[in-house]
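Participant: One file: work29.pdb (PDB, C-alpha atoms and all ligand atoms).
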ATOM      1  CA  MET A 544     -39.815 191.052 150.545
ATOM      2  CA  THR A 545     -43.247 192.221 149.536
ATOM      3  CA  CYS A 546     -45.892 189.832 148.213
ATOM      4  CA  VAL A 547     -45.842 191.665 144.869
ATOM      5  CA  ARG A 548     -42.144 190.955 144.449
ATOM      6  CA  ALA A 549     -42.532 187.390 145.728
ATOM      7  CA  GLU A 550     -45.226 186.814 143.117
ATOM      8  CA  LYS A 551     -42.835 187.917 140.346
ATOM      9  CA  TYR A 552     -40.139 185.596 141.636
ATOM     10  CA  LEU A 553     -42.658 182.750 141.906
ATOM     11  CA  VAL A 554     -43.578 183.084 138.252
ATOM     12  CA  ALA A 555     -39.895 183.121 137.293
ATOM     13  CA  LEU A 556     -39.196 180.110 139.517
ATOM     14  CA  VAL A 557     -42.005 178.065 138.017
ATOM     15  CA  ASP A 558     -40.733 178.994 134.547
ATOM     16  CA  GLY A 559     -37.236 177.894 135.532
ATOM     17  CA  GLU A 560     -35.966 181.436 135.076
ATOM     18  CA  LEU A 561     -35.080 182.358 138.633
ATOM     19  CA  HIS A 562     -31.330 181.841 138.452
ATOM     20  CA  SER A 563     -30.132 184.071 141.256
ATOM     21  CA  THR A 564     -29.403 182.144 144.437
ATOM     22  CA  TRP A 565     -29.935 185.312 146.454
ATOM     23  CA  ARG A 566     -33.424 185.741 145.003
ATOM     24  CA  LYS A 567     -34.308 182.106 145.583
ATOM     25  CA  ARG A 568     -33.248 182.401 149.214
ATOM     26  CA  ALA A 569     -35.229 185.598 149.660
ATOM     27  CA  LEU A 570     -38.262 183.941 148.088
ATOM     28  CA  CYS A 571     -37.884 180.887 150.340
ATOM     29  CA  ARG A 572     -37.746 183.103 153.407
ATOM     30  CA  HIS A 573     -40.888 184.880 152.278
ATOM     31  CA  LEU A 574     -42.692 181.609 151.528
ATOM     32  CA  HIS A 575     -41.823 180.420 155.027
ATOM     33  CA  GLN A 576     -43.719 183.352 156.519
ATOM     34  CA  CYS A 577     -46.465 183.937 153.975
ATOM     35  CA  ALA A 578     -49.278 181.433 153.513
ATOM     36  CA  ALA A 579     -50.813 183.510 150.713
ATOM     37  CA  CYS A 580     -47.671 183.230 148.589
ATOM     38  CA  ARG A 581     -47.307 179.508 149.335
ATOM     39  CA  GLN A 582     -50.837 179.139 148.007
ATOM     40  CA  SER A 583     -49.875 181.248 145.019
ATOM     41  CA  LEU A 584     -46.941 178.940 144.289
ATOM     42  CA  LEU A 585     -49.288 175.953 144.188
ATOM     43  CA  VAL A 586     -51.595 177.835 141.835
ATOM     44  CA  GLN A 587     -48.663 178.740 139.568
ATOM     45  CA  LEU A 588     -47.545 175.122 139.527
ATOM     46  CA  ARG A 589     -51.034 173.993 138.612
ATOM     47  CA  ILE A 590     -51.280 176.526 135.780
ATOM     48  CA  LYS A 591     -47.850 175.523 134.525
ATOM     49  CA  SER A 592     -48.799 171.857 134.664
ATOM     50  CA  MET A 593     -51.979 172.453 132.725
ATOM     51  CA  LEU A 594     -50.170 174.498 130.063
ATOM     52  CA  HIS A 595     -47.499 171.864 129.828
ATOM     53  CA  ALA A 596     -50.055 169.095 129.541
ATOM     54  CA  SER A 597     -52.039 170.873 126.846
ATOM     55  CA  ILE A 598     -48.996 171.883 124.797
ATOM     56  CA  GLN A 599     -47.017 168.691 125.024
ATOM     57  CA  ARG A 600     -49.843 166.248 125.734
ATOM     58  CA  GLU A 601     -47.618 164.717 128.293
ATOM     59  CA  LYS A 602     -48.261 164.023 131.941
ATOM     60  CA  VAL A 603     -45.523 165.749 133.873
ATOM     61  CA  PRO A 604     -47.265 167.763 136.607
ATOM     62  CA  ALA A 605     -46.337 165.510 139.508
ATOM     63  CA  THR A 606     -42.660 165.405 138.584
ATOM     64  CA  LEU A 607     -42.535 169.143 137.938
ATOM     65  CA  GLN A 608     -44.167 169.884 141.268
ATOM     66  CA  TYR A 609     -41.869 167.436 143.020
ATOM     67  CA  ALA A 610     -38.773 168.931 141.416
ATOM     68  CA  ILE A 611     -39.689 172.468 142.422
ATOM     69  CA  GLN A 612     -40.675 171.518 145.952
ATOM     70  CA  LYS A 613     -37.444 169.549 146.324
ATOM     71  CA  ARG A 614     -35.428 172.511 145.098
ATOM     72  CA  LEU A 615     -37.216 174.851 147.508
ATOM     73  CA  ALA A 616     -36.623 172.451 150.383
ATOM     74  CA  GLU A 617     -32.928 172.325 149.528
ATOM     75  CA  GLU A 618     -32.722 176.110 149.372
ATOM     76  CA  MET A 619     -34.300 176.415 152.807
ATOM     77  CA  ASN A 620     -31.730 174.147 154.467
TER      78      ASN A 620
HETATM   79 ZN    ZN B   1     -46.475 186.897 150.420
END
Produce structure tokens that represent the structure in this file.

Facilitator:
Amino acid sequence: MTCVRAEKYLVALVDGELHSTWRKRALCRHLHQCAACRQSLLVQLRIKSMLHASIQREKVPATLQYAIQKRLAEEMN
């Protein structure tokens, strides 16, 4: 997988719109090898958290980040 494609999948994942198991697995494999895209995932999560916080005025970033990291960890096993 290229970083460009991984970036697209990352955005979809953070938005909860990456439904294909195959794509999630491919993304996980890429994230395993690519520090730049792991960093990008953290950035996406932070942006998402900030948007969420400003729209809903609710503090959910930690749980959102935890949920996504947990899901990724499960996919990698
Ligand atoms: Zn990459």

Participant: Show me, as a PyMOL selection string, the residues that have an atom within 10 Å of Ile611 in chain A when counting only C-alpha atoms, minus same-chain residues fewer than 2 positions from it.

Facilitator: chain A and resi 556-557+559+584+588+606-609+613-617

Participant: What residues of the protein or nucleic acid chains come within 10 Å of ligand ZN 1 (chain B) when you use only C-alpha atoms and all ligand atoms? Reply as a PyMOL selection string.

Facilitator: chain A and resi 544-550+570+572-583

Participant: How would you write, as a PyMOL selection string, the residues chosen by the PyMOL selection byres (((chain A and resi 564) around 12) and not hetatm) on this structure?

Facilitator: chain A and resi 552+556+560-563+565-571+614-615+617-619

Participant: Could you work out an axis-aligned box for range 558-575 of chain A, taking every atom the file lists and adding 8 Å on each side, and report centre and edge lengths in Å to one decimal, as JSON?

Facilitator:
{"center_x": -36.0, "center_y": 181.8, "center_z": 144.8, "size_x": 29.3, "size_y": 23.8, "size_z": 36.5}

Participant: Could you please determine the separation between CA of Gln612 in chain A and CA of Met593 in chain A in Å, to one decimal place?

Facilitator: 17.4 Å
